[in-house]
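Novice: Structure in structure tokens, see below.
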Amino acid sequence: MRIGLVCPYDLSKPGGVQAQVMGLASALRLLGEDVSIVGPGLPPGVEGVDLGSSVSVPGNGSMAPISLDPRVWSTIKEAVEDLDLLHVHEPLMPMVSFSALRTDVPVVATFHAARERMAKAFYGFAGSYLERILGQRVKEVTAVSETAAGPIAEHMEVTIIPNGLDVAALSVDTERHPYRVVFLGRDEPRKGLDLLLGAWIRVSETIPTAELVVMGADRGSPDVEWMGTVDDETKARILNSAAVFVAPNTGGESFGIVLVEAMAAGAAVLASDLQAFVDVGGDAVQLFKKGNNRDLAKELLSLLGDDDGRGALGRRGEAHARQFDWSKVATSYRDVYTQALL
């Protein structure tokens, strides 16, 4: 198949959807498919169509780098006319995804984000209209989780295909530190870093040898190892060195790929009890009450003080993570593509 993967977000900037599009492209090529990526900020050397620069707009508690240039419509129309199928990620995002839906090429649409309250109200009000618009152009609809499917599933059939990752690349040979706690995420309120730092006061007082390593942020305060932005190799090494990985997110999550990365690395995972985290982690993660730093500190101290329980949780996580390997996820998408072309 000749497949175009359409990404509305700037591919030169870090982000979950961008990483999924790039990873899926590589996995599909390994399956023998002809794949090109269509989106703004296409990195040099990546096969596809660059739609130019982006602007950052607020959305889902973060800033989304998207193209608002109406000229992308003509570029996309010309670029995809020889393709068999378009796989459009976040199909309701302007302008790239909107434009891709207007072509004559069959479309598979994937929803990634948790629906905010306003979006849920919109779907409830305009559900039948949404179904007609997508139904005219989209052959198959998928979502990365039940949370991402949300109210869309009330109006049309949605196939759940989880986010993917290279499980083997997350497992490296390095020493695991018995009291090392690791965080990975952007320095945004919904990622919960402040919550973890609040809990860390009690943890470090109780276990003076405990250490907190933060990847993705750099505030420069003492008693924490701030690593800022890290490459994939460093991320894998630090995750494999962790006794416990903490995901203290407070909301706006539809999946939780960082949980799967930490599980693949063999770390025991402690996460807030968001529904998306419950769904992705099952019994392979330990949960604490969302937004409650006292409960976070309690559960973290419990894990750090229980070598056997922590080890068992890490092993369950490693086994659980295998279902998210790109070899399985890409095959699931290829099956959906085949169905869309019938």
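Ligands are numbered from 1 in the order shown, residues from 1 within each chain, and chains are lettered A, B, ... in the order they appear in the structure tokens.
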Excluding region 43-59 of chain A and any residue of its chain fewer than 4 positions from it, enumerate the residues within 8 Å of it, using only C-alpha atoms, and give them as a ChimeraX atom specification.
Specialist: /A:9-12,35-39,63-68,72,75,79
Novice: Which residues are close to Thr338 (chain A), i.e. within 12 Å by only C-alpha atoms, leaving aside same-chain residues fewer than 5 positions away? Reply as number ranges by chain.
Specialist: A: 1-3, 33, 84-85, 106-108, 139-140, 331-333
Novice: Among the residues of region 39-129 of chain A, find those DSSP assigns to alpha helix (DSSP H) from the backbone and print them as JSON, numbers by chain.
Specialist: {"A": [72, 73, 74, 75, 76, 77, 78, 79, 96, 97, 98, 99, 100, 101, 117, 118, 119, 120, 121, 122, 123, 124, 125, 126, 127, 128, 129]}
Novice: Please list as an MDAnalysis selection string every residue within 10 Å of Arg237 (chain A), counting only C-alpha atoms and excluding residues in the same chain fewer than 4 positions away.
Specialist: chainID A and resid 170:176 232:233 241:242 265
Novice: Write a file of the selected residues as an mmCIF file, in the first residue's frame, keeping C-alpha atoms.
Specialist:
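Printed below is again.cif as written:
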```cif
data_model
loop_
_atom_site.group_PDB
_atom_site.id
_atom_site.type_symbol
_atom_site.label_atom_id
_atom_site.label_comp_id
_atom_site.auth_asym_id
_atom_site.auth_seq_id
_atom_site.Cartn_x
_atom_site.Cartn_y
_atom_site.Cartn_z
ATOM 1 C CA LEU A 170 13.837 0.609 26.208
ATOM 2 C CA SER A 171 15.680 -2.301 27.824
ATOM 3 C CA VAL A 172 19.373 -1.588 28.329
ATOM 4 C CA ASP A 173 21.988 -3.103 30.630
ATOM 5 C CA THR A 174 22.616 -0.692 33.468
ATOM 6 C CA GLU A 175 22.672 -0.716 37.269
ATOM 7 C CA ARG A 176 19.308 -0.204 38.953
ATOM 8 C CA ASP A 232 16.322 8.464 23.537
ATOM 9 C CA GLU A 233 19.482 6.697 24.668
ATOM 10 C CA SER A 241 18.354 2.756 36.503
ATOM 11 C CA ALA A 242 15.127 3.677 38.324
ATOM 12 C CA ALA A 265 12.552 -0.566 31.197
#
```
Novice: Could you tell me which of A:Gly251, A:Gly192, A:Gly198, A:Gly16 comes closest to Thr147 (chain A) if we count only C-alpha atoms?
Specialist: A:Gly251
Novice: Show which residues sit within 9 Å of Trp326 (chain A), as a list in words. Count only C-alpha atoms, and ignore same-chain residues fewer than 5 positions away.
Specialist: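 Here the answer would be Gly23, Leu24, Ala27, Leu28, Asn163, Gly164, Leu165, Asp166, Val167 and Thr331 of chain A.
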Novice: Counting only C-alpha atoms, what is within 12 Å of Ala168 (chain A), bar same-chain residues fewer than 4 positions away, as a count of residues only?
Specialist: 15
Novice: When you count only C-alpha atoms, which of these residues is closest to Val230 (chain A): A:Leu313, A:Glu157, A:Leu196, A:Leu184?
Specialist: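 Comparing A:Leu313, A:Glu157, A:Leu196, A:Leu184 against Val230 (chain A), the winner is A:Leu184.
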Novice: Can you work out the spacing between CA of Ala148 (chain A) and CA of Ala247 (chain A) in Å, to one decimal?
Specialist: 18.6 Å
Novice: Tell me which of A:His112, A:His89, A:Lys328, A:Arg315 sits closest to Phe255 (chain A), counting only C-alpha atoms.
Specialist: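 Of all the options, A:His112 lies closest to Phe255 (chain A).
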Novice: Extract, using only C-alpha atoms, all DNA, RNA and protein residues at most 10 Å from Gly256 (chain A), discarding same-chain residues fewer than 5 positions from it, and format them as a ChimeraX atom specification.
Specialist: /A:16,145,163,247,249,261,271,274,276-281
Novice: Any idea what's packed within 9 Å of Asn292 (chain A), counting only C-alpha atoms, ignoring anything in its chain fewer than 6 positions away? Could you give it as a list in words?
Specialist: Leu195, Ala199 and Ser272 of chain A
Novice: Output N, CA and C atoms for every residue in that selection, as a short mmCIF file (atom, residue, chain, number, x, y, z; two decimals), in the first residue's frame.
Specialist:
```
data_model
loop_
_atom_site.label_atom_id
_atom_site.label_comp_id
_atom_site.auth_asym_id
_atom_site.auth_seq_id
_atom_site.Cartn_x
_atom_site.Cartn_y
_atom_site.Cartn_z
N LEU A 195 3.38 18.51 42.22
CA LEU A 195 2.83 17.53 43.17
C LEU A 195 3.92 16.59 43.65
N ALA A 199 5.56 16.06 47.48
CA ALA A 199 5.66 14.77 48.15
C ALA A 199 7.09 14.41 48.47
N SER A 272 -0.81 8.34 39.11
CA SER A 272 -2.09 8.86 39.59
C SER A 272 -3.22 8.04 38.98
#
```
Novice: Pick from A:Gln20, A:Asn293, A:Ser74, A:Gln286: nearest to Ser99 (chain A), with only C-alpha atoms counted?
Specialist: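 Using only C-alpha atoms, Ser99 (chain A) sits closest to A:Ser74.
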Novice: So which one's closest to Val246 (chain A), A:Val181, A:Val138, A:Leu197, A:Val21? Using only C-alpha atoms, please.
Specialist: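 When distances to Val246 (chain A) are compared using only C-alpha atoms, the smallest one comes from A:Val181.
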